[in-house]
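Data file: structure.csv. Format and content: CSV, C-alpha atoms.
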chain,number,residue,atom,x,y,z
C,1,MET,CA,128.3,113.5,159.1
C,2,GLY,CA,125.8,113.6,156.3
C,3,ALA,CA,126.0,111.2,153.5
C,4,LYS,CA,125.5,113.5,150.5
C,5,ASP,CA,125.5,117.3,149.8
C,6,GLY,CA,123.5,117.5,146.6
C,7,ASP,CA,121.9,115.8,143.6
C,8,GLU,CA,125.4,115.5,142.0
C,9,ASP,CA,126.2,113.0,144.8
C,10,ARG,CA,123.3,110.7,144.1
C,11,VAL,CA,124.3,107.0,144.5
C,12,GLY,CA,123.2,103.7,143.0
C,13,PHE,CA,123.0,100.1,144.1
C,14,SER,CA,123.4,96.8,142.3
C,15,ALA,CA,122.7,93.2,143.2
C,16,TYR,CA,123.6,90.3,141.0
C,17,ILE,CA,121.4,87.2,141.5
C,18,LEU,CA,123.4,84.2,140.4
C,19,LEU,CA,121.3,81.3,139.0
C,20,SER,CA,121.8,77.6,138.3
C,21,GLU,CA,119.8,77.9,135.1
C,22,ALA,CA,118.3,80.6,132.9
C,23,ILE,CA,114.9,82.0,133.7
C,24,GLN,CA,112.3,83.7,131.6
C,25,PHE,CA,109.9,86.4,132.8
C,26,ASN,CA,108.0,89.5,131.8
C,27,SER,CA,109.0,92.8,133.4
C,28,ALA,CA,105.4,93.5,134.3
C,29,GLU,CA,105.4,90.3,136.3
C,30,ILE,CA,108.3,91.7,138.4
C,31,GLU,CA,106.5,94.9,139.1
C,32,GLN,CA,103.3,93.1,140.2
C,33,ALA,CA,105.3,90.7,142.4
C,34,LEU,CA,107.1,93.6,144.0
C,35,LEU,CA,103.8,95.3,144.9
C,36,GLU,CA,102.3,92.0,146.2
C,37,ASP,CA,105.3,90.9,148.3
C,38,TYR,CA,106.2,94.4,149.7
C,39,PRO,CA,102.9,96.3,149.8
C,40,SER,CA,104.2,98.9,152.3
C,41,LEU,CA,106.6,100.4,149.7
C,42,GLU,CA,105.3,103.8,148.8
C,43,LEU,CA,104.8,103.2,145.1
C,44,ARG,CA,101.9,104.2,142.9
C,45,THR,CA,102.2,102.4,139.5
C,46,GLU,CA,98.9,103.3,138.1
C,47,THR,CA,100.4,106.6,136.9
C,48,GLY,CA,103.2,104.9,135.1
C,49,PHE,CA,103.6,102.9,131.9
C,50,GLY,CA,105.1,99.5,132.0
C,51,MET,CA,107.4,98.3,129.2
C,52,ASN,CA,106.0,94.7,129.5
C,53,GLN,CA,109.2,93.3,128.1
C,54,ASP,CA,109.8,89.6,127.8
C,55,CYS,CA,113.2,88.7,129.3
C,56,ASP,CA,115.4,85.6,129.2
C,57,THR,CA,118.6,85.5,131.3
C,58,ASP,CA,120.3,83.6,128.5
C,59,GLN,CA,119.9,86.7,126.3
C,60,PHE,CA,120.8,90.4,126.5
C,61,ILE,CA,118.6,92.4,128.9
C,62,THR,CA,118.3,96.0,129.8
C,63,THR,CA,114.8,96.6,131.0
C,64,PRO,CA,113.7,99.6,133.1
C,65,ILE,CA,110.8,98.9,135.4
C,66,LEU,CA,108.5,101.2,137.5
C,67,LEU,CA,108.7,103.8,134.7
C,68,GLY,CA,106.6,106.8,135.6
C,69,ALA,CA,105.7,105.4,139.0
C,70,GLU,CA,105.1,107.9,141.8
C,71,GLY,CA,105.5,107.8,145.5
C,72,ALA,CA,108.4,108.2,148.0
C,73,ASP,CA,110.0,104.9,147.0
C,74,SER,CA,109.8,105.4,143.2
C,75,THR,CA,113.1,105.7,141.5
C,76,ILE,CA,115.1,104.5,138.6
C,77,ALA,CA,115.2,100.6,138.6
C,78,THR,CA,116.7,98.5,135.8
C,79,LEU,CA,117.0,94.7,135.1
C,80,ILE,CA,120.2,93.9,133.3
C,81,ARG,CA,121.9,90.9,131.8
C,82,LEU,CA,125.0,91.6,129.6
C,83,PRO,CA,127.1,88.9,127.9
C,84,GLY,CA,130.5,88.5,129.7
C,85,TYR,CA,129.3,89.8,133.0
C,86,GLY,CA,127.9,88.2,136.2
C,87,THR,CA,130.5,85.4,136.4
C,88,TRP,CA,133.2,84.9,139.1
C,89,ASP,CA,136.0,82.4,139.3
C,90,PRO,CA,135.4,80.6,142.7
C,91,GLU,CA,139.1,80.2,143.1
C,92,GLN,CA,139.8,83.9,142.7
C,93,LEU,CA,137.4,85.2,145.4
C,94,THR,CA,139.0,87.2,148.1
C,95,PRO,CA,138.4,86.3,151.8
C,96,TRP,CA,136.3,89.4,152.4
C,97,GLN,CA,134.0,88.5,149.4
C,98,ARG,CA,133.3,85.2,151.1
C,99,LEU,CA,133.1,86.5,154.7
C,100,THR,CA,129.3,86.5,154.9
C,101,PHE,CA,128.8,83.3,152.7
C,102,PRO,CA,131.9,81.0,153.1
C,103,GLU,CA,130.2,78.3,151.0
C,104,VAL,CA,129.8,80.6,148.0
C,105,THR,CA,132.8,78.9,146.3
C,106,GLN,CA,130.8,75.7,146.1
C,107,ALA,CA,127.6,77.5,145.0
C,108,LEU,CA,129.4,79.3,142.2
C,109,GLN,CA,130.4,76.0,140.5
C,110,TYR,CA,126.7,75.7,139.5
C,111,ASN,CA,126.3,79.2,138.2
C,112,LYS,CA,124.9,79.2,134.7
C,113,SER,CA,123.1,82.5,134.5
C,114,TYR,CA,122.3,85.7,136.3
C,115,ILE,CA,120.1,88.9,136.5
C,116,CYS,CA,121.3,92.2,137.8
C,117,VAL,CA,119.1,94.7,139.6
C,118,THR,CA,120.2,98.3,139.7
C,119,THR,CA,118.6,101.3,141.4
C,120,GLY,CA,119.6,104.9,141.6
C,121,ALA,CA,118.7,107.4,144.4
C,122,LYS,CA,116.4,110.3,143.4
C,123,ALA,CA,118.5,112.8,145.3
C,124,GLY,CA,121.8,113.0,147.2
C,125,ASP,CA,120.6,112.7,150.8
C,126,GLU,CA,120.7,109.8,153.3
C,127,ILE,CA,117.0,109.0,153.1
C,128,GLN,CA,117.0,108.7,149.3
C,129,ALA,CA,120.1,106.5,149.4
C,130,PHE,CA,118.3,104.2,151.9
C,131,ARG,CA,115.2,104.1,149.7
C,132,ALA,CA,117.2,103.2,146.6
C,133,ALA,CA,119.1,100.4,148.5
C,134,ARG,CA,115.8,99.1,149.9
C,135,LEU,CA,114.2,99.0,146.5
C,136,CYS,CA,117.2,97.2,145.1
C,137,SER,CA,117.0,94.7,148.0
C,138,CYS,CA,113.3,94.0,147.5
C,139,ILE,CA,113.6,93.4,143.8
C,140,ALA,CA,116.6,91.2,144.3
C,141,ALA,CA,114.7,89.3,147.0
C,142,LEU,CA,112.0,88.4,144.4
C,143,PHE,CA,114.6,86.6,142.4
C,144,ALA,CA,116.5,85.2,145.5
C,145,LYS,CA,113.3,83.4,146.5
C,146,LEU,CA,113.5,81.2,143.3
C,147,PRO,CA,114.8,77.7,143.8
C,148,VAL,CA,117.4,78.3,141.1
C,149,ALA,CA,119.0,81.2,143.0
C,150,LEU,CA,122.5,80.3,144.2
C,151,ALA,CA,123.9,83.5,145.6
C,152,VAL,CA,123.7,87.3,145.4
C,153,TYR,CA,126.6,89.6,144.9
C,154,TRP,CA,125.9,93.0,146.6
C,155,GLU,CA,128.2,95.2,144.6
C,156,SER,CA,128.7,98.2,146.9
C,157,ALA,CA,129.9,95.9,149.8
C,158,ASP,CA,131.9,93.7,147.4
C,159,HIS,CA,130.6,90.5,149.0
C,160,PHE,CA,128.3,87.6,148.4
C,161,LEU,CA,125.1,86.8,150.3
C,162,ARG,CA,123.0,83.7,150.7
C,163,PRO,CA,119.6,83.9,148.9
C,164,SER,CA,117.9,83.5,152.3
C,165,ASP,CA,120.0,86.4,153.7
C,166,VAL,CA,118.8,88.6,150.8
C,167,VAL,CA,115.2,87.9,151.6
C,168,ALA,CA,115.9,88.7,155.3
C,169,MET,CA,117.8,91.8,154.2
C,170,ALA,CA,114.7,93.1,152.3
C,171,ASP,CA,112.4,92.3,155.2
C,172,LYS,CA,114.6,94.3,157.5
C,173,ALA,CA,114.8,97.2,155.2
C,174,ILE,CA,111.0,97.2,154.6
C,175,SER,CA,110.6,97.7,158.3
C,176,ASP,CA,112.7,100.9,158.0
C,177,ASP,CA,115.8,99.3,159.5
C,178,ILE,CA,119.2,99.3,157.9
C,179,PRO,CA,120.6,95.8,157.3
C,180,VAL,CA,124.1,96.8,158.0
C,181,GLU,CA,125.6,93.3,157.8
C,182,GLN,CA,124.4,92.8,154.3
C,183,TRP,CA,124.7,96.3,152.9
C,184,VAL,CA,128.2,97.0,154.4
C,185,GLY,CA,131.1,94.6,153.9
C,186,MET,CA,134.6,94.8,155.3
C,187,ARG,CA,138.1,94.0,154.4
C,188,LEU,CA,140.3,92.5,157.2
C,189,ASN,CA,144.1,92.1,157.1
C,190,GLY,CA,146.3,90.2,159.5
C,191,PHE,CA,150.0,90.5,159.7
C,192,LYS,CA,153.0,90.4,162.0
C,193,ASP,CA,154.9,93.5,163.2
C,194,ASN,CA,158.0,92.9,165.4
C,195,GLY,CA,156.7,89.4,166.1
C,196,LYS,CA,153.3,90.6,167.2
C,197,GLN,CA,150.1,89.5,165.4
C,198,LEU,CA,148.1,92.6,164.3
C,199,VAL,CA,144.7,92.9,162.6
C,200,GLY,CA,143.3,95.9,160.8
C,201,GLY,CA,140.5,96.5,158.4
C,202,VAL,CA,138.0,98.9,156.7
C,203,THR,CA,134.3,98.8,155.9
C,204,ASN,CA,133.2,98.6,152.3
C,205,GLY,CA,129.8,100.0,151.3
C,206,LEU,CA,129.1,102.4,154.1
C,207,SER,CA,130.0,105.5,152.0
C,208,PRO,CA,126.9,105.3,149.7
C,209,LEU,CA,124.8,105.6,152.8
C,210,LYS,CA,126.9,107.9,155.0
C,211,GLY,CA,129.6,109.4,152.7
C,212,CYS,CA,132.4,107.8,154.8
C,213,GLU,CA,133.8,104.5,155.7
C,214,VAL,CA,135.2,103.1,159.1
C,215,SER,CA,138.8,102.1,159.3
C,216,LEU,CA,140.4,100.1,162.1
C,217,ALA,CA,144.1,100.8,162.6
C,218,ALA,CA,146.2,97.6,163.0
C,219,ALA,CA,146.0,96.4,166.6
C,220,PRO,CA,146.9,93.3,168.6
C,221,ILE,CA,143.3,91.9,168.5
C,222,ASP,CA,141.8,88.8,166.8
C,223,LEU,CA,139.8,88.8,163.5
C,224,GLU,CA,136.5,88.2,165.2
C,225,ASN,CA,137.0,91.2,167.5
C,226,ALA,CA,138.1,93.4,164.6
C,227,ALA,CA,135.0,92.4,162.5
C,228,ALA,CA,132.6,93.0,165.4
C,229,THR,CA,134.2,96.4,166.0
C,230,LEU,CA,133.8,97.5,162.4
C,231,SER,CA,130.3,96.2,162.1
C,232,MET,CA,129.1,97.8,165.3
C,233,THR,CA,130.7,101.2,164.5
C,234,ALA,CA,129.1,101.1,161.0
C,235,ALA,CA,125.7,100.4,162.7
C,236,MET,CA,126.3,103.3,165.1
C,237,LEU,CA,126.8,105.7,162.2
C,238,ALA,CA,124.2,104.3,159.8
C,239,ALA,CA,121.4,103.0,162.0
C,240,PHE,CA,121.7,104.5,165.4
C,241,GLY,CA,122.3,108.1,164.4
C,242,HIS,CA,125.6,108.7,166.2
C,243,SER,CA,127.8,111.6,165.1
C,244,PHE,CA,131.5,111.5,166.0
C,245,ASN,CA,134.0,114.2,166.6
C,246,ASP,CA,137.6,114.0,165.8
C,247,GLY,CA,139.3,112.9,169.1
C,248,ASP,CA,136.3,111.2,170.6
C,249,THR,CA,136.8,107.8,172.4
C,250,LEU,CA,134.8,104.7,171.8
C,251,GLY,CA,134.5,102.1,174.5
C,252,HIS,CA,132.1,100.0,176.6
C,253,GLU,CA,130.1,101.6,179.3
C,254,GLY,CA,132.3,102.3,182.3
C,255,GLN,CA,135.5,101.8,180.4
C,256,SER,CA,138.2,104.4,180.9
C,257,ARG,CA,139.3,106.7,178.1
C,258,GLU,CA,142.8,105.2,178.4
C,259,ASP,CA,141.5,101.8,177.6
C,260,SER,CA,139.1,103.0,174.9
C,261,MET,CA,139.7,103.4,171.2
C,262,ARG,CA,140.5,106.9,169.9
C,263,ILE,CA,138.3,108.1,167.0
C,264,ARG,CA,140.1,110.1,164.3
C,265,PHE,CA,138.6,111.8,161.3
C,266,ALA,CA,140.6,111.3,158.1
C,267,PRO,CA,139.3,113.4,155.2
C,268,LYS,CA,139.2,112.1,151.7
C,269,GLY,CA,142.7,111.8,150.2
C,270,THR,CA,144.4,110.9,153.5
C,271,ASN,CA,146.9,108.2,152.5
C,272,GLY,CA,145.2,108.0,149.1
C,273,SER,CA,141.7,107.2,150.5
C,274,SER,CA,138.8,107.7,148.1
C,275,CYS,CA,136.4,109.0,150.7
C,276,ASP,CA,136.2,110.4,154.3
C,277,ALA,CA,136.9,107.9,157.0
C,278,TRP,CA,136.6,107.5,160.7
C,279,VAL,CA,139.7,105.8,162.0
C,280,LEU,CA,139.5,103.7,165.2
C,281,VAL,CA,142.8,103.5,167.0
C,282,HIS,CA,143.1,100.8,169.7
C,283,PRO,CA,145.2,101.9,172.8
C,284,LYS,CA,147.7,99.2,172.0
C,285,SER,CA,147.9,99.9,168.3
C,286,PRO,CA,151.4,100.9,167.0
C,287,PHE,CA,149.6,103.3,164.5
C,288,ASP,CA,150.7,106.9,165.2
C,289,HIS,CA,147.5,108.7,164.4
C,290,GLU,CA,148.8,112.2,165.0
C,291,GLU,CA,151.7,111.7,162.7
C,292,GLU,CA,149.6,110.0,160.0
C,293,ILE,CA,146.4,112.1,160.3
C,294,GLY,CA,147.5,115.2,162.2
C,295,GLU,CA,146.6,116.8,165.5
C,296,MET,CA,143.2,116.2,166.9
C,297,HIS,CA,140.7,119.0,166.2
C,298,SER,CA,138.8,118.6,169.5
C,299,SER,CA,139.7,117.7,173.0
C,300,PRO,CA,138.9,114.3,174.4
C,301,PRO,CA,135.4,114.2,176.0
C,302,PRO,CA,135.3,114.5,179.8
C,303,PRO,CA,134.8,111.4,181.9
C,304,GLY,CA,131.4,109.8,181.5
C,305,GLN,CA,130.8,111.4,178.0
C,306,GLU,CA,132.4,108.7,175.8
C,307,VAL,CA,130.3,107.6,172.8
C,308,GLN,CA,128.0,104.8,173.9
C,309,VAL,CA,126.7,102.1,171.6
C,310,ARG,CA,123.3,101.7,173.0
C,311,SER,CA,122.2,105.3,173.5
C,312,ARG,CA,120.4,105.8,170.2
C,313,MET,CA,119.0,102.4,169.1
C,314,GLY,CA,116.3,102.7,166.5
C,315,PHE,CA,117.3,106.2,165.5
C,316,PHE,CA,117.1,105.7,161.8
C,317,LYS,CA,113.7,103.9,162.0
C,318,ARG,CA,112.3,106.8,163.9
C,319,MET,CA,113.7,109.2,161.4
C,320,MET,CA,112.1,107.3,158.6
C,321,ARG,CA,108.8,107.3,160.4
C,322,GLY,CA,108.8,111.0,161.4
C,323,GLY,CA,109.8,110.4,165.0
C,324,ARG,CA,107.4,107.5,165.6
C,325,ASP,CA,108.5,104.1,166.9
C,326,ALA,CA,105.8,102.1,165.1

Show me this structure written as structure tokens.
Amino acid sequence: MGAKDGDEDRVGFSAYILLSEAIQFNSAEIEQALLEDYPSLELRTETGFGMNQDCDTDQFITTPILLGAEGADSTIATLIRLPGYGTWDPEQLTPWQRLTFPEVTQALQYNKSYICVTTGAKAGDEIQAFRAARLCSCIAALFAKLPVALAVYWESADHFLRPSDVVAMADKAISDDIPVEQWVGMRLNGFKDNGKQLVGGVTNGLSPLKGCEVSLAAAPIDLENAAATLSMTAAMLAAFGHSFNDGDTLGHEGQSREDSMRIRFAPKGTNGSSCDAWVLVHPKSPFDHEEEIGEMHSSPPPPGQEVQVRSRMGFFKRMMRGGRDA
């Protein structure tokens, strides 16, 4: 499944860098630091015109950078600080917002200021979405490297990241890999049904990259297994180049179809969903996928043809590099 169909589907990304104190900088300094720290970005700034704005994160900021820049990675980028934004009550954070940074509640107690980085894709395709997310990551990493950086909120995933993880996220993206764990969050829910403990969940932040999310129907598995399943399936779609068909099965190599998860395609609007979704149904899940989603549009694959996790590792990197591994 492709992520976007046209320019009207262009996506944007935002990262809030939370700070223990206000900082001052000039926008031209950020542009220069970006080119120095990430020289492999395809940016030509000599054709542009910098605004050279002085910024203080105690004050109002809305400063575009890289104006007029050319190159494959050039796109709209803005530094923003608005009064009344960029603050979170540590006691009101959801479990999934803290999933990748459990100690964020302590870090937020020292939050005194912030700067937000936003980028927008130049077009509505998968490559341009990646380039926009990567540019946002790299600019955010410049601020995350500061000693006053406490945490980073990656908006499309609705979760917080450690500053060091944001630097690693940018480093991975600059190597043409998708940092799935940082760019894609998840929401997990546990509950009991007829005395059985069930866990279900859904990814959050995959749709800007692929136009869909992954949902795990409630099943008798633990939270760790559910999180690993969602994360790996998101990586299969975003980074490994897999394409699913409604009715496919997903399992380990050598695992029978009967013991594998069924993959169902639920179009946007199914049960009120805001985007398309691939629904994973565990063989012991009480979820009746044919009743909730409808009959399968394709027959199960023959034995030996189940989707395999390791078959297309590095697909996205090769796609970014024109088929080359290095």

(message) When you count all atoms listed in the file, which of these residues is closest to C:Ser74: C:Leu19, C:Met232, C:Cys136, C:Cys116?
(response)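 Closest to C:Ser74, using all atoms listed in the file: C:Cys136.
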
(message) Just the number, please: distance in Å from atom CA of C:Ala218 to atom CA of C:Gly190, one decimal.
(response) 8.2 Å

(request) Identify the residues within 8 Å of coordinate (136.9, 95.6, 149.8) (same frame as the file), considering all atoms listed in the file, and give the answer as a PyMOL selection string. (result) chain C and resi 96-97+157-158+185-187+202-204

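Taking only C-alpha atoms into account, C:Thr119 lies nearest to C:Ser14 out of the set C:Asn194, C:Ser164, C:Ser215, C:Ser14.
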
(message) Using only C-alpha atoms, list the residues that have an atom at most 12 Å from (139.5, 110.3, 151.1), coordinates as in the file, as a list in words.
(response)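 These residues have at least one counted atom within 12 Å: Ser207, Gly211, Cys212, Glu213, Val214, Ser215, Phe265, Ala266, Pro267, Lys268, Gly269, Thr270, Asn271, Gly272, Ser273, Ser274, Cys275, Asp276, Ala277, Trp278, Val279 and Ile293 of chain C.
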
Residues from last step as file, C-alpha atoms, as an mmCIF file, keeping the file's coordinate frame:
data_model
loop_
_atom_site.group_PDB
_atom_site.id
_atom_site.type_symbol
_atom_site.label_atom_id
_atom_site.label_comp_id
_atom_site.auth_asym_id
_atom_site.auth_seq_id
_atom_site.Cartn_x
_atom_site.Cartn_y
_atom_site.Cartn_z
ATOM 1 C CA SER C 207 130.000 105.500 152.000
ATOM 2 C CA GLY C 211 129.600 109.400 152.700
ATOM 3 C CA CYS C 212 132.400 107.800 154.800
ATOM 4 C CA GLU C 213 133.800 104.500 155.700
ATOM 5 C CA VAL C 214 135.200 103.100 159.100
ATOM 6 C CA SER C 215 138.800 102.100 159.300
ATOM 7 C CA PHE C 265 138.600 111.800 161.300
ATOM 8 C CA ALA C 266 140.600 111.300 158.100
ATOM 9 C CA PRO C 267 139.300 113.400 155.200
ATOM 10 C CA LYS C 268 139.200 112.100 151.700
ATOM 11 C CA GLY C 269 142.700 111.800 150.200
ATOM 12 C CA THR C 270 144.400 110.900 153.500
ATOM 13 C CA ASN C 271 146.900 108.200 152.500
ATOM 14 C CA GLY C 272 145.200 108.000 149.100
ATOM 15 C CA SER C 273 141.700 107.200 150.500
ATOM 16 C CA SER C 274 138.800 107.700 148.100
ATOM 17 C CA CYS C 275 136.400 109.000 150.700
ATOM 18 C CA ASP C 276 136.200 110.400 154.300
ATOM 19 C CA ALA C 277 136.900 107.900 157.000
ATOM 20 C CA TRP C 278 136.600 107.500 160.700
ATOM 21 C CA VAL C 279 139.700 105.800 162.000
ATOM 22 C CA ILE C 293 146.400 112.100 160.300
#

(request) Find the residues around stretch 226-230 of chain C up to 7 Å (all atoms listed in the file counted), leave out those fewer than 3 positions away in its own chain, and share them as a ChimeraX atom specification. (result) /C:199-200,203,214,221-223,233-234

(message) Residues near C:Ser156, anyone? I mean within 8 Å using only C-alpha atoms, not counting same-chain ones fewer than 5 positions away, as a ChimeraX atom specification.
(response) /C:13-14,183-184,204-205,208

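Put simply, atom CA of C:Val117 is 6.4 Å away from atom CA of C:Ala140.
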
(message) Report as number ranges by chain all protein, DNA and RNA residues lying within 12 Å of C:Glu290, evaluated on all atoms listed in the file, omitting residues in the same chain fewer than 6 positions from it.
(response) C: 246-247, 262-266, 279, 281, 296-297

(request) Considering only C-alpha atoms, state which residue in the set C:Pro283, C:Pro95, C:Gly68, C:Gly124 is at the smallest distance from C:Leu209. (result) C:Gly124

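Note that atom CA of C:Ala144 and atom CA of C:Pro163 are 4.8 Å apart.
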
(message) as a count of residues only, please: the residues near C:Val152 (cut-off 7 Å, only C-alpha atoms, same-chain neighbours under 4 positions excluded).
(response) 8

(message) Nearest residue to C:His242 out of C:Pro64, C:Ala121, C:Pro90, C:Phe316, using only C-alpha atoms?
(response) C:Phe316

(message) Which residue is closest to C:Ile76? Choose from C:Ala133, C:Leu41, C:Leu280, C:Leu34 and count only C-alpha atoms.
(response) C:Ala133
